[in-house]
>>> print(open('my_file_27.pdb').read())   # PDB, C-alpha atoms and all ligand atoms
MODEL        1
ATOM      1  CA  MET C1274       0.000   0.000   0.000
ATOM      2  CA  ALA C1275       1.340   3.447  -0.827
ATOM      3  CA  ALA C1276       0.151   6.014   1.699
ATOM      4  CA  LYS C1277      -1.518   9.256   0.684
ATOM      5  CA  ILE C1278       0.754  12.137   1.501
ATOM      6  CA  ILE C1279      -0.751  14.861   3.671
ATOM      7  CA  ASP C1280       0.532  18.024   2.030
ATOM      8  CA  GLY C1281       1.091  20.387   4.941
ATOM      9  CA  LYS C1282       2.476  23.054   2.651
ATOM     10  CA  ALA C1283      -0.677  23.208   0.517
ATOM     11  CA  ILE C1284      -3.012  23.024   3.519
ATOM     12  CA  SER C1285      -1.013  25.787   5.201
ATOM     13  CA  VAL C1286      -1.227  28.015   2.110
ATOM     14  CA  SER C1287      -5.017  27.707   1.909
ATOM     15  CA  TYR C1288      -5.409  28.134   5.681
ATOM     16  CA  ARG C1289      -3.270  31.314   5.576
ATOM     17  CA  ALA C1290      -5.428  32.619   2.740
ATOM     18  CA  GLU C1291      -8.461  32.205   5.036
ATOM     19  CA  ILE C1292      -6.601  34.067   7.813
ATOM     20  CA  SER C1293      -5.751  36.884   5.336
ATOM     21  CA  GLU C1294      -9.411  37.224   4.385
ATOM     22  CA  ASP C1295     -10.505  37.238   8.032
ATOM     23  CA  THR C1296      -7.808  39.828   8.824
ATOM     24  CA  ALA C1297      -9.050  42.123   6.049
ATOM     25  CA  LYS C1298     -12.577  41.875   7.491
ATOM     26  CA  PHE C1299     -11.215  42.476  10.992
ATOM     27  CA  LYS C1300      -9.383  45.648   9.891
ATOM     28  CA  GLU C1301     -12.460  46.955   8.139
ATOM     29  CA  LYS C1302     -14.627  46.320  11.190
ATOM     30  CA  TYR C1303     -12.291  47.612  13.928
ATOM     31  CA  GLY C1304      -9.958  50.014  12.094
ATOM     32  CA  PHE C1305      -6.681  48.468  13.271
ATOM     33  CA  ALA C1306      -4.514  45.465  12.455
ATOM     34  CA  PRO C1307      -3.699  42.534  14.743
ATOM     35  CA  GLY C1308      -0.213  42.981  16.200
ATOM     36  CA  LEU C1309       2.357  40.353  17.173
ATOM     37  CA  ALA C1310       5.521  41.060  19.193
ATOM     38  CA  VAL C1311       8.289  38.486  18.996
ATOM     39  CA  VAL C1312      11.113  38.566  21.528
ATOM     40  CA  ILE C1313      14.384  36.767  20.877
ATOM     41  CA  VAL C1314      17.295  36.656  23.309
ATOM     42  CA  GLY C1315      20.739  35.669  22.037
ATOM     43  CA  GLU C1316      22.145  34.456  18.767
ATOM     44  CA  ASP C1317      20.774  30.916  18.258
ATOM     45  CA  PRO C1318      20.765  30.558  14.440
ATOM     46  CA  ALA C1319      17.727  28.209  14.283
ATOM     47  CA  SER C1320      15.736  30.580  16.515
ATOM     48  CA  LYS C1321      16.650  33.485  14.243
ATOM     49  CA  VAL C1322      15.271  31.617  11.227
ATOM     50  CA  TYR C1323      12.020  30.810  13.080
ATOM     51  CA  VAL C1324      11.631  34.445  14.140
ATOM     52  CA  ARG C1325      12.236  35.686  10.597
ATOM     53  CA  ASN C1326       9.574  33.274   9.282
ATOM     54  CA  LYS C1327       7.096  34.426  11.935
ATOM     55  CA  LYS C1328       7.626  38.043  10.901
ATOM     56  CA  LEU C1329       7.205  37.120   7.227
ATOM     57  CA  GLY C1330       4.033  35.208   8.057
ATOM     58  CA  CYS C1331       2.624  38.311   9.783
ATOM     59  CA  GLU C1332       3.359  40.474   6.754
ATOM     60  CA  GLN C1333       1.749  37.900   4.473
ATOM     61  CA  VAL C1334      -1.622  37.963   6.273
ATOM     62  CA  GLY C1335      -1.680  41.714   6.997
ATOM     63  CA  PHE C1336      -0.662  41.871  10.680
ATOM     64  CA  ASN C1337       1.649  44.410  12.284
ATOM     65  CA  SER C1338       4.684  42.786  13.820
ATOM     66  CA  ALA C1339       7.737  43.831  15.798
ATOM     67  CA  VAL C1340      10.809  41.768  16.592
ATOM     68  CA  TYR C1341      12.762  42.619  19.755
ATOM     69  CA  GLU C1342      16.297  41.252  19.478
ATOM     70  CA  LEU C1343      17.972  41.255  22.869
ATOM     71  CA  PRO C1344      21.627  40.382  23.570
ATOM     72  CA  GLU C1345      22.636  37.036  25.100
ATOM     73  CA  ASN C1346      23.518  38.705  28.436
ATOM     74  CA  THR C1347      20.047  40.278  28.908
ATOM     75  CA  THR C1348      19.087  40.107  32.592
ATOM     76  CA  LYS C1349      15.835  38.732  33.990
ATOM     77  CA  ASP C1350      14.832  42.262  35.053
ATOM     78  CA  GLU C1351      15.451  43.682  31.574
ATOM     79  CA  LEU C1352      13.409  40.922  29.929
ATOM     80  CA  ASN C1353      10.615  41.316  32.491
ATOM     81  CA  ALA C1354      10.526  45.071  31.842
ATOM     82  CA  LEU C1355      10.071  44.465  28.094
ATOM     83  CA  ILE C1356       7.310  41.895  28.677
ATOM     84  CA  ASP C1357       5.525  44.288  31.056
ATOM     85  CA  LYS C1358       5.724  47.031  28.428
ATOM     86  CA  LEU C1359       4.308  44.723  25.724
ATOM     87  CA  ASN C1360       1.571  43.480  28.090
ATOM     88  CA  ALA C1361       0.440  47.099  28.513
ATOM     89  CA  ASP C1362       0.722  48.042  24.808
ATOM     90  CA  LYS C1363      -2.764  48.144  23.243
ATOM     91  CA  SER C1364      -1.366  47.719  19.711
ATOM     92  CA  VAL C1365       0.199  44.366  20.690
ATOM     93  CA  HIS C1366      -2.288  41.483  20.833
ATOM     94  CA  GLY C1367       0.106  38.574  20.815
ATOM     95  CA  ILE C1368       3.477  38.163  22.545
ATOM     96  CA  LEU C1369       5.843  35.339  21.767
ATOM     97  CA  VAL C1370       9.171  34.746  23.484
ATOM     98  CA  GLN C1371      11.270  32.526  21.254
ATOM     99  CA  LEU C1372      12.551  29.423  23.063
ATOM    100  CA  PRO C1373      15.042  28.184  24.070
ATOM    101  CA  LEU C1374      16.263  31.100  26.187
ATOM    102  CA  PRO C1375      19.875  31.404  27.344
ATOM    103  CA  LYS C1376      20.523  29.230  30.416
ATOM    104  CA  HIS C1377      20.511  32.080  32.960
ATOM    105  CA  LEU C1378      16.866  32.887  32.132
ATOM    106  CA  ASP C1379      14.046  30.654  33.433
ATOM    107  CA  SER C1380      11.635  30.108  30.541
ATOM    108  CA  GLU C1381       8.760  29.061  32.847
ATOM    109  CA  GLU C1382       9.060  32.321  34.798
ATOM    110  CA  VAL C1383       9.253  34.311  31.583
ATOM    111  CA  ILE C1384       6.169  32.634  30.091
ATOM    112  CA  ALA C1385       4.258  33.173  33.340
ATOM    113  CA  ARG C1386       4.981  36.910  33.023
ATOM    114  CA  ILE C1387       3.183  37.167  29.648
ATOM    115  CA  SER C1388      -0.433  38.238  29.941
ATOM    116  CA  PRO C1389      -2.504  35.050  29.284
ATOM    117  CA  GLU C1390      -4.688  37.032  26.829
ATOM    118  CA  LYS C1391      -1.561  37.703  24.731
ATOM    119  CA  ASP C1392       0.048  34.259  25.139
ATOM    120  CA  VAL C1393      -0.346  33.160  21.518
ATOM    121  CA  ASP C1394       1.977  30.183  22.001
ATOM    122  CA  ALA C1395      -0.523  28.898  24.622
ATOM    123  CA  PHE C1396       2.289  27.977  27.015
ATOM    124  CA  HIS C1397       1.101  30.044  30.013
ATOM    125  CA  GLU C1398      -0.119  27.818  32.861
ATOM    126  CA  SER C1399      -3.581  29.370  32.768
ATOM    127  CA  ASN C1400      -3.923  28.606  29.055
ATOM    128  CA  VAL C1401      -2.602  25.076  29.621
ATOM    129  CA  GLY C1402      -5.267  24.621  32.303
ATOM    130  CA  ARG C1403      -7.963  25.947  29.995
ATOM    131  CA  ILE C1404      -6.963  23.424  27.321
ATOM    132  CA  MET C1405      -7.289  20.668  29.923
ATOM    133  CA  ILE C1406     -10.929  21.588  30.588
ATOM    134  CA  GLY C1407     -11.700  22.277  26.918
ATOM    135  CA  ASN C1408     -12.451  26.002  27.383
ATOM    136  CA  TYR C1409      -9.705  27.813  25.523
ATOM    137  CA  SER C1410      -8.944  30.719  23.196
ATOM    138  CA  PHE C1411      -5.547  29.460  22.032
ATOM    139  CA  LEU C1412      -4.114  26.041  21.318
ATOM    140  CA  PRO C1413      -0.374  25.310  21.185
ATOM    141  CA  CYS C1414       0.588  25.825  17.561
ATOM    142  CA  THR C1415       2.104  22.466  16.608
ATOM    143  CA  PRO C1416      -0.636  20.166  17.996
ATOM    144  CA  ALA C1417      -3.280  22.584  16.691
ATOM    145  CA  GLY C1418      -1.654  22.339  13.258
ATOM    146  CA  VAL C1419      -1.814  18.528  13.421
ATOM    147  CA  MET C1420      -5.539  18.726  14.186
ATOM    148  CA  VAL C1421      -6.076  20.931  11.122
ATOM    149  CA  LEU C1422      -4.092  18.499   8.936
ATOM    150  CA  LEU C1423      -6.284  15.610  10.124
ATOM    151  CA  GLU C1424      -9.483  17.578   9.635
ATOM    152  CA  LYS C1425      -8.576  18.886   6.169
ATOM    153  CA  SER C1426      -7.595  15.351   5.126
ATOM    154  CA  GLY C1427     -11.043  14.089   6.144
ATOM    155  CA  ILE C1428      -9.670  11.836   8.897
ATOM    156  CA  ASP C1429     -12.207  11.136  11.613
ATOM    157  CA  ILE C1430     -10.752  10.811  15.116
ATOM    158  CA  SER C1431     -13.830   9.792  17.055
ATOM    159  CA  GLY C1432     -13.519   6.286  18.506
ATOM    160  CA  LYS C1433     -10.077   5.737  16.947
ATOM    161  CA  GLU C1434      -7.075   4.318  18.792
ATOM    162  CA  CYS C1435      -4.643   7.241  18.928
ATOM    163  CA  VAL C1436      -1.060   6.785  20.092
ATOM    164  CA  VAL C1437       1.220   9.759  20.742
ATOM    165  CA  ILE C1438       4.943   9.115  21.203
ATOM    166  CA  GLY C1439       6.430  11.968  23.250
ATOM    167  CA  ARG C1440       5.100  13.778  26.329
ATOM    168  CA  SER C1441       6.623  17.257  26.125
ATOM    169  CA  ASN C1442       4.562  20.215  27.342
ATOM    170  CA  ILE C1443       4.846  21.802  23.895
ATOM    171  CA  VAL C1444       3.827  18.881  21.684
ATOM    172  CA  GLY C1445       3.086  15.467  23.202
ATOM    173  CA  LYS C1446       0.848  16.335  26.170
ATOM    174  CA  PRO C1447      -1.368  18.934  24.433
ATOM    175  CA  MET C1448      -1.537  16.674  21.353
ATOM    176  CA  ALA C1449      -2.911  13.859  23.501
ATOM    177  CA  MET C1450      -5.428  16.236  25.076
ATOM    178  CA  LEU C1451      -6.706  17.472  21.697
ATOM    179  CA  LEU C1452      -7.101  13.924  20.371
ATOM    180  CA  LEU C1453      -8.974  13.030  23.561
ATOM    181  CA  GLN C1454     -11.264  16.039  23.151
ATOM    182  CA  ALA C1455     -11.939  14.858  19.598
ATOM    183  CA  ASN C1456     -13.132  11.549  21.141
ATOM    184  CA  GLY C1457     -10.060   9.469  20.318
ATOM    185  CA  THR C1458      -8.953   6.712  22.698
ATOM    186  CA  VAL C1459      -5.516   8.012  23.538
ATOM    187  CA  THR C1460      -2.310   6.370  24.733
ATOM    188  CA  VAL C1461       0.813   8.451  25.426
ATOM    189  CA  CYS C1462       4.208   6.770  25.107
ATOM    190  CA  HIS C1463       7.628   8.017  26.245
ATOM    191  CA  SER C1464      11.174   6.848  26.828
ATOM    192  CA  ARG C1465      10.114   4.481  29.662
ATOM    193  CA  THR C1466       7.299   2.809  27.711
ATOM    194  CA  LYS C1467       7.763  -0.958  27.649
ATOM    195  CA  ASP C1468       7.431  -2.715  24.279
ATOM    196  CA  LEU C1469       6.779   0.486  22.375
ATOM    197  CA  ALA C1470       6.190  -1.291  19.055
ATOM    198  CA  GLU C1471       3.433  -3.402  20.599
ATOM    199  CA  VAL C1472       1.651  -0.183  21.650
ATOM    200  CA  THR C1473       2.220   1.735  18.413
ATOM    201  CA  ARG C1474       0.921  -1.205  16.349
ATOM    202  CA  ARG C1475      -2.480  -0.671  17.999
ATOM    203  CA  ALA C1476      -2.747   2.866  16.635
ATOM    204  CA  ASP C1477      -5.231   3.922  13.984
ATOM    205  CA  ILE C1478      -3.644   7.372  14.306
ATOM    206  CA  LEU C1479       0.014   7.536  15.338
ATOM    207  CA  VAL C1480       1.590  10.907  16.186
ATOM    208  CA  VAL C1481       5.346  10.872  16.656
ATOM    209  CA  ALA C1482       7.147  13.704  18.474
ATOM    210  CA  ILE C1483      10.390  12.463  19.978
ATOM    211  CA  GLY C1484      13.274  14.126  18.135
ATOM    212  CA  LYS C1485      15.029  10.962  16.887
ATOM    213  CA  ALA C1486      15.669  10.666  13.165
ATOM    214  CA  ASP C1487      13.794   7.863  11.357
ATOM    215  CA  PHE C1488      12.960   6.150  14.677
ATOM    216  CA  VAL C1489       9.552   4.713  13.750
ATOM    217  CA  THR C1490       9.859   1.894  11.238
ATOM    218  CA  ALA C1491       7.247  -0.030   9.236
ATOM    219  CA  ASP C1492       7.110  -2.918  11.728
ATOM    220  CA  MET C1493       5.865  -0.462  14.399
ATOM    221  CA  VAL C1494       2.868   0.630  12.323
ATOM    222  CA  LYS C1495      -0.502  -1.070  11.815
ATOM    223  CA  PRO C1496      -1.354  -1.447   8.106
ATOM    224  CA  GLY C1497      -3.697   1.392   7.125
ATOM    225  CA  ALA C1498      -2.776   3.659  10.059
ATOM    226  CA  VAL C1499      -2.519   7.441   9.754
ATOM    227  CA  VAL C1500       1.025   8.516  10.662
ATOM    228  CA  ILE C1501       1.813  12.099  11.663
ATOM    229  CA  ASP C1502       5.500  12.941  11.964
ATOM    230  CA  VAL C1503       6.178  16.001  14.117
ATOM    231  CA  GLY C1504       9.939  15.394  14.350
ATOM    232  CA  MET C1505      12.466  17.755  12.850
ATOM    233  CA  ASN C1506      16.006  16.426  12.872
ATOM    234  CA  ARG C1507      19.112  17.493  10.960
ATOM    235  CA  ARG C1508      21.033  14.689   9.307
ATOM    236  CA  ALA C1509      24.846  14.838   9.121
ATOM    237  CA  ASP C1510      24.509  16.042   5.496
ATOM    238  CA  GLY C1511      22.386  18.980   6.714
ATOM    239  CA  LYS C1512      19.111  17.570   5.345
ATOM    240  CA  LEU C1513      15.955  17.777   7.434
ATOM    241  CA  THR C1514      14.319  14.485   8.416
ATOM    242  CA  GLY C1515      11.464  13.424  10.663
ATOM    243  CA  ASP C1516      11.083  10.858  13.456
ATOM    244  CA  VAL C1517       9.472   8.398  11.030
ATOM    245  CA  ASP C1518      11.284   6.315   8.437
ATOM    246  CA  PHE C1519       9.219   7.756   5.598
ATOM    247  CA  GLU C1520      10.282   5.275   2.938
ATOM    248  CA  SER C1521       9.259   2.090   4.765
ATOM    249  CA  VAL C1522       6.301   3.495   6.729
ATOM    250  CA  SER C1523       4.652   5.008   3.655
ATOM    251  CA  GLU C1524       4.354   1.427   2.343
ATOM    252  CA  VAL C1525       2.076   0.385   5.239
ATOM    253  CA  ALA C1526       0.300   3.585   6.335
ATOM    254  CA  SER C1527      -2.875   4.953   4.704
ATOM    255  CA  TYR C1528      -1.850   8.598   5.235
ATOM    256  CA  ILE C1529       1.514  10.080   6.179
ATOM    257  CA  THR C1530       3.027  13.536   6.660
ATOM    258  CA  PRO C1531       6.403  14.157   5.018
ATOM    259  CA  VAL C1532       9.314  16.063   6.594
ATOM    260  CA  PRO C1533       9.795  18.725   5.410
ATOM    261  CA  GLY C1534       6.382  19.818   4.124
ATOM    262  CA  GLY C1535       4.070  18.170   6.667
ATOM    263  CA  VAL C1536       3.502  19.436  10.197
ATOM    264  CA  GLY C1537       6.220  22.130  10.050
ATOM    265  CA  PRO C1538       4.424  24.632   7.754
ATOM    266  CA  MET C1539       1.316  24.500   9.970
ATOM    267  CA  THR C1540       3.035  25.669  13.154
ATOM    268  CA  ILE C1541       3.508  29.333  12.164
ATOM    269  CA  THR C1542       0.108  29.304  10.453
ATOM    270  CA  MET C1543      -1.529  28.395  13.777
ATOM    271  CA  LEU C1544       0.453  31.151  15.498
ATOM    272  CA  LEU C1545      -1.106  33.612  13.043
ATOM    273  CA  LYS C1546      -4.526  32.154  13.779
ATOM    274  CA  ASN C1547      -3.958  32.578  17.545
ATOM    275  CA  THR C1548      -2.848  36.194  17.048
ATOM    276  CA  LEU C1549      -6.012  36.977  15.095
ATOM    277  CA  VAL C1550      -8.104  35.369  17.857
ATOM    278  CA  ALA C1551      -6.231  37.441  20.489
ATOM    279  CA  ALA C1552      -6.906  40.643  18.522
ATOM    280  CA  GLU C1553     -10.590  39.712  18.163
ATOM    281  CA  ASN C1554     -10.868  39.052  21.904
ATOM    282  CA  PHE C1555      -9.231  42.450  22.573
ATOM    283  CA  ALA C1556     -11.504  44.245  20.090
ATOM    284  CA  LYS C1557     -14.665  42.741  21.571
ATOM    285  CA  LYS C1558     -13.797  43.916  25.104
TER     286      LYS C1558
HETATM  287  P1  LIG Y1601      11.276  16.869  23.749
HETATM  288  O1  LIG Y1601      10.828  17.932  24.687
HETATM  289  O2  LIG Y1601      12.714  16.517  23.679
HETATM  290  O3  LIG Y1601      10.440  15.540  24.099
HETATM  291  C1  LIG Y1601      10.730  14.333  23.464
HETATM  292  C2  LIG Y1601       9.807  13.268  23.976
HETATM  293  O4  LIG Y1601      10.095  12.071  23.299
HETATM  294  C3  LIG Y1601       9.943  12.987  25.479
HETATM  295  O5  LIG Y1601       8.678  12.870  26.076
HETATM  296  C4  LIG Y1601      10.708  11.659  25.520
HETATM  297  O6  LIG Y1601      10.367  10.831  26.600
HETATM  298  C5  LIG Y1601      10.242  11.018  24.226
HETATM  299  N1  LIG Y1601      11.238  10.065  23.751
HETATM  300  C6  LIG Y1601      12.552  10.283  23.511
HETATM  301  N2  LIG Y1601      13.151   9.151  23.107
HETATM  302  C7  LIG Y1601      12.187   8.199  23.070
HETATM  303  C8  LIG Y1601      12.180   6.813  22.748
HETATM  304  N3  LIG Y1601      13.303   6.171  22.375
HETATM  305  N4  LIG Y1601      11.025   6.145  22.837
HETATM  306  C9  LIG Y1601       9.883   6.760  23.235
HETATM  307  N5  LIG Y1601       9.834   8.077  23.559
HETATM  308  C10 LIG Y1601      10.968   8.772  23.481
HETATM  309  O7  LIG Y1601      10.838  17.197  22.257
HETATM  310  P2  LIG Y1601       9.628  18.082  21.653
HETATM  311  O8  LIG Y1601       9.879  19.519  21.928
HETATM  312  O9  LIG Y1601       8.326  17.479  22.022
HETATM  313  O10 LIG Y1601       9.900  17.846  20.103
HETATM  314  C11 LIG Y1601       9.831  16.553  19.517
HETATM  315  C12 LIG Y1601      10.238  16.642  18.062
HETATM  316  O11 LIG Y1601       9.307  17.501  17.389
HETATM  317  C13 LIG Y1601      11.612  17.283  17.809
HETATM  318  O12 LIG Y1601      12.185  16.674  16.672
HETATM  319  C14 LIG Y1601      11.290  18.736  17.501
HETATM  320  O13 LIG Y1601      12.274  19.346  16.701
HETATM  321  C15 LIG Y1601      10.002  18.564  16.751
HETATM  322  N6  LIG Y1601       9.134  19.749  16.769
HETATM  323  C16 LIG Y1601       8.622  20.133  15.580
HETATM  324  C17 LIG Y1601       7.787  21.222  15.514
HETATM  325  C18 LIG Y1601       7.217  21.615  14.196
HETATM  326  O14 LIG Y1601       6.809  22.742  14.023
HETATM  327  N7  LIG Y1601       7.164  20.687  13.247
HETATM  328  C19 LIG Y1601       7.474  21.935  16.676
HETATM  329  C20 LIG Y1601       7.986  21.487  17.896
HETATM  330  C21 LIG Y1601       8.818  20.379  17.936
HETATM  331  P3  LIG Y1601      10.682  11.219  28.152
HETATM  332  O15 LIG Y1601       9.659  12.256  28.519
HETATM  333  O16 LIG Y1601      10.511   9.949  28.869
HETATM  334  O17 LIG Y1601      12.078  11.771  28.159
ENDMDL
END
>>> encode(input="my_file_27.pdb", output="structure tokens")
Amino acid sequence: MAAKIIDGKAISVSYRAEISEDTAKFKEKYGFAPGLAVVIVGEDPASKVYVRNKKLGCEQVGFNSAVYELPENTTKDELNALIDKLNADKSVHGILVQLPLPKHLDSEEVIARISPEKDVDAFHESNVGRIMIGNYSFLPCTPAGVMVLLEKSGIDISGKECVVIGRSNIVGKPMAMLLLQANGTVTVCHSRTKDLAEVTRRADILVVAIGKADFVTADMVKPGAVVIDVGMNRRADGKLTGDVDFESVSEVASYITPVPGGVGPMTITMLLKNTLVAAENFAKK
């Protein structure tokens, strides 16, 4: 069986077009544009690329955006002062602090400082709690993007066996929660899971988010399963690869996301969606 490829790039393009249209309507109705502030501390090259793409995404859909580039030796007080200023700024509806931060800064403390109404990454503890009870404004961008990919591909989750490998706060745990809220029967696996392949072979929908190149092989996948690869790993030759061995798994799966071009393009798209929602919530107040 050759799996259908879920084209995250194409789905992201059409989803961004919808956001652009909604933004134009928003501007007409309220007379201002949604605004996103992105804060980056230090010189991490991958973070710089992500931040540049977030700014480009904002321009593409008609948002205002500002990038605050702070030096590596920025103190906690200096960063807090900037976040406080952005929290109070009425033209800023979303605030994103690019992670990872330099070691001397505590990312949990920094995220807790962001106003929950502007926390468009949905990492603030109050937003995490709201996701848990199913009453939220924002969803974390990567799992939210996976849900859109499943929906746009016509994949029904209700009653399905869903297995998530990975339990990070950013991907694995919220992913499991969203699948549960969509009425999947969810199992979460991690590095201490015994007989992982036995568990993954039960999955109708398998989401992999571990950060290990080509880890999931065909023998770990039930024939006909939907396989979503969140992983982004650099090979020695510089090429990007996922956590799933695409070549072998695409022979047994019914649907599969490629890397690159699967989950990745959706992440910034969902950030744009969250920023528009934040601006709408602000405008309605
Ligand atoms: P993370 O915080 O490092 O978490 C990795 C998870 O995988 C942990 O829960 C870990 O288990 C589990 N794990 C590691 N080795 C395992 C093994 N051999 N068997 C079973 N579970 C194992 O990573 P993350 O932030 O969730 O990211 C995961 C991957 O997604 C990375 O490749 C990252 O680059 C990618 N990512 C992509 C996007 C995107 O936009 N496409 C966004 C975010 C992340 P323990 O908890 O037991 O240690």
>>> resolve_selection(input="my_file_27.pdb", expression="the PyMOL selection byres (((chain C and resi 1298-1309) around 7) and not hetatm)", output="list in words")
Glu1294, Asp1295, Thr1296, Ala1297, Ala1310, Val1311, Phe1336, Asn1337, Ser1338, Ala1339, Ser1364, Val1365, His1366, Gly1367, Ile1368, Thr1548, Leu1549 and Ala1552 of chain C
>>> write_last_selection(input="my_file_27.pdb", atoms="C-alpha atoms", output="CSV table (one decimal), keeping the file's coordinate frame")
chain,number,residue,atom,x,y,z
C,1294,GLU,CA,-9.4,37.2,4.4
C,1295,ASP,CA,-10.5,37.2,8.0
C,1296,THR,CA,-7.8,39.8,8.8
C,1297,ALA,CA,-9.0,42.1,6.0
C,1310,ALA,CA,5.5,41.1,19.2
C,1311,VAL,CA,8.3,38.5,19.0
C,1336,PHE,CA,-0.7,41.9,10.7
C,1337,ASN,CA,1.6,44.4,12.3
C,1338,SER,CA,4.7,42.8,13.8
C,1339,ALA,CA,7.7,43.8,15.8
C,1364,SER,CA,-1.4,47.7,19.7
C,1365,VAL,CA,0.2,44.4,20.7
C,1366,HIS,CA,-2.3,41.5,20.8
C,1367,GLY,CA,0.1,38.6,20.8
C,1368,ILE,CA,3.5,38.2,22.5
C,1548,THR,CA,-2.8,36.2,17.0
C,1549,LEU,CA,-6.0,37.0,15.1
C,1552,ALA,CA,-6.9,40.6,18.5
>>> atom_distance(input="my_file_27.pdb", atom1="atom CA of Glu1524 of chain C", atom2="atom CA of Leu1479 of chain C")
15.0 Å
>>> resolve_selection(input="my_file_27.pdb", expression="the PyMOL selection byres (((chain C and resi 1431-1444) around 7) and not hetatm)", output="ChimeraX atom specification")
/C:1413,1415-1416,1429-1430,1445-1449,1455-1463,1473,1475-1483
>>> residues_around(input="my_file_27.pdb", residues="Glu1471 of chain C", least_positions_apart="6", cutoff="10 Å", atoms="all atoms listed in the file", output="MDAnalysis selection string")
chainID C and resid 1492:1495
>>> residues_around(input="my_file_27.pdb", residues="segment 1513-1521 of chain C", least_positions_apart="2", cutoff="6 Å", atoms="only C-alpha atoms", output="ChimeraX atom specification")
/C:1485-1491,1504-1507,1523-1524,1532
>>> closest_residue(input="my_file_27.pdb", among="C:Ile1313, C:Ile1356, C:Gln1333, C:Leu1469", to="Val1286 of chain C", atoms="all atoms listed in the file")
C:Gln1333
>>> atom_distance(input="my_file_27.pdb", atom1="atom CA of Val1522 of chain C", atom2="atom C18 of ligand LIG 1601 (chain Y)")
19.6 Å
>>> closest_residue(input="my_file_27.pdb", among="C:Ala1395, C:Val1370, C:Leu1544, C:Leu1451", to="Gly1315 of chain C", atoms="all atoms listed in the file")
C:Val1370
>>> closest_residue(input="my_file_27.pdb", among="C:Leu1545, C:Asn1353, C:Tyr1409, C:Phe1396", to="Val1383 of chain C", atoms="only C-alpha atoms")
C:Asn1353
>>> axis_aligned_box(input="my_file_27.pdb", around="ligand LIG 1601 (chain Y)", padding_each_side="8 Å", output="JSON")
{"center_x": 10.1, "center_y": 14.4, "center_z": 21.1, "size_x": 22.5, "size_y": 32.6, "size_z": 31.6}
>>> residues_near_point(input="my_file_27.pdb", point="(19.5, 38.3, 34.1)", cutoff="12 Å", atoms="only C-alpha atoms", output="ChimeraX atom specification")
/C:1314,1343-1354,1374-1380,1383
>>> closest_residue(input="my_file_27.pdb", among="C:Ile1278, C:Val1550, C:Met1543, C:Leu1372", to="Gly1418 of chain C", atoms="only C-alpha atoms")
C:Met1543
>>> decode(input="my_file_27.pdb", residues="segment 1314-1342 of chain C", atoms="C-alpha atoms", output="tab-separated table (two decimals), in the first residue's frame")
chain	number	residue	atom	x	y	z
C	1314	VAL	CA	17.29	36.66	23.31
C	1315	GLY	CA	20.74	35.67	22.04
C	1316	GLU	CA	22.14	34.46	18.77
C	1317	ASP	CA	20.77	30.92	18.26
C	1318	PRO	CA	20.77	30.56	14.44
C	1319	ALA	CA	17.73	28.21	14.28
C	1320	SER	CA	15.74	30.58	16.51
C	1321	LYS	CA	16.65	33.49	14.24
C	1322	VAL	CA	15.27	31.62	11.23
C	1323	TYR	CA	12.02	30.81	13.08
C	1324	VAL	CA	11.63	34.44	14.14
C	1325	ARG	CA	12.24	35.69	10.60
C	1326	ASN	CA	9.57	33.27	9.28
C	1327	LYS	CA	7.10	34.43	11.94
C	1328	LYS	CA	7.63	38.04	10.90
C	1329	LEU	CA	7.21	37.12	7.23
C	1330	GLY	CA	4.03	35.21	8.06
C	1331	CYS	CA	2.62	38.31	9.78
C	1332	GLU	CA	3.36	40.47	6.75
C	1333	GLN	CA	1.75	37.90	4.47
C	1334	VAL	CA	-1.62	37.96	6.27
C	1335	GLY	CA	-1.68	41.71	7.00
C	1336	PHE	CA	-0.66	41.87	10.68
C	1337	ASN	CA	1.65	44.41	12.28
C	1338	SER	CA	4.68	42.79	13.82
C	1339	ALA	CA	7.74	43.83	15.80
C	1340	VAL	CA	10.81	41.77	16.59
C	1341	TYR	CA	12.76	42.62	19.75
C	1342	GLU	CA	16.30	41.25	19.48
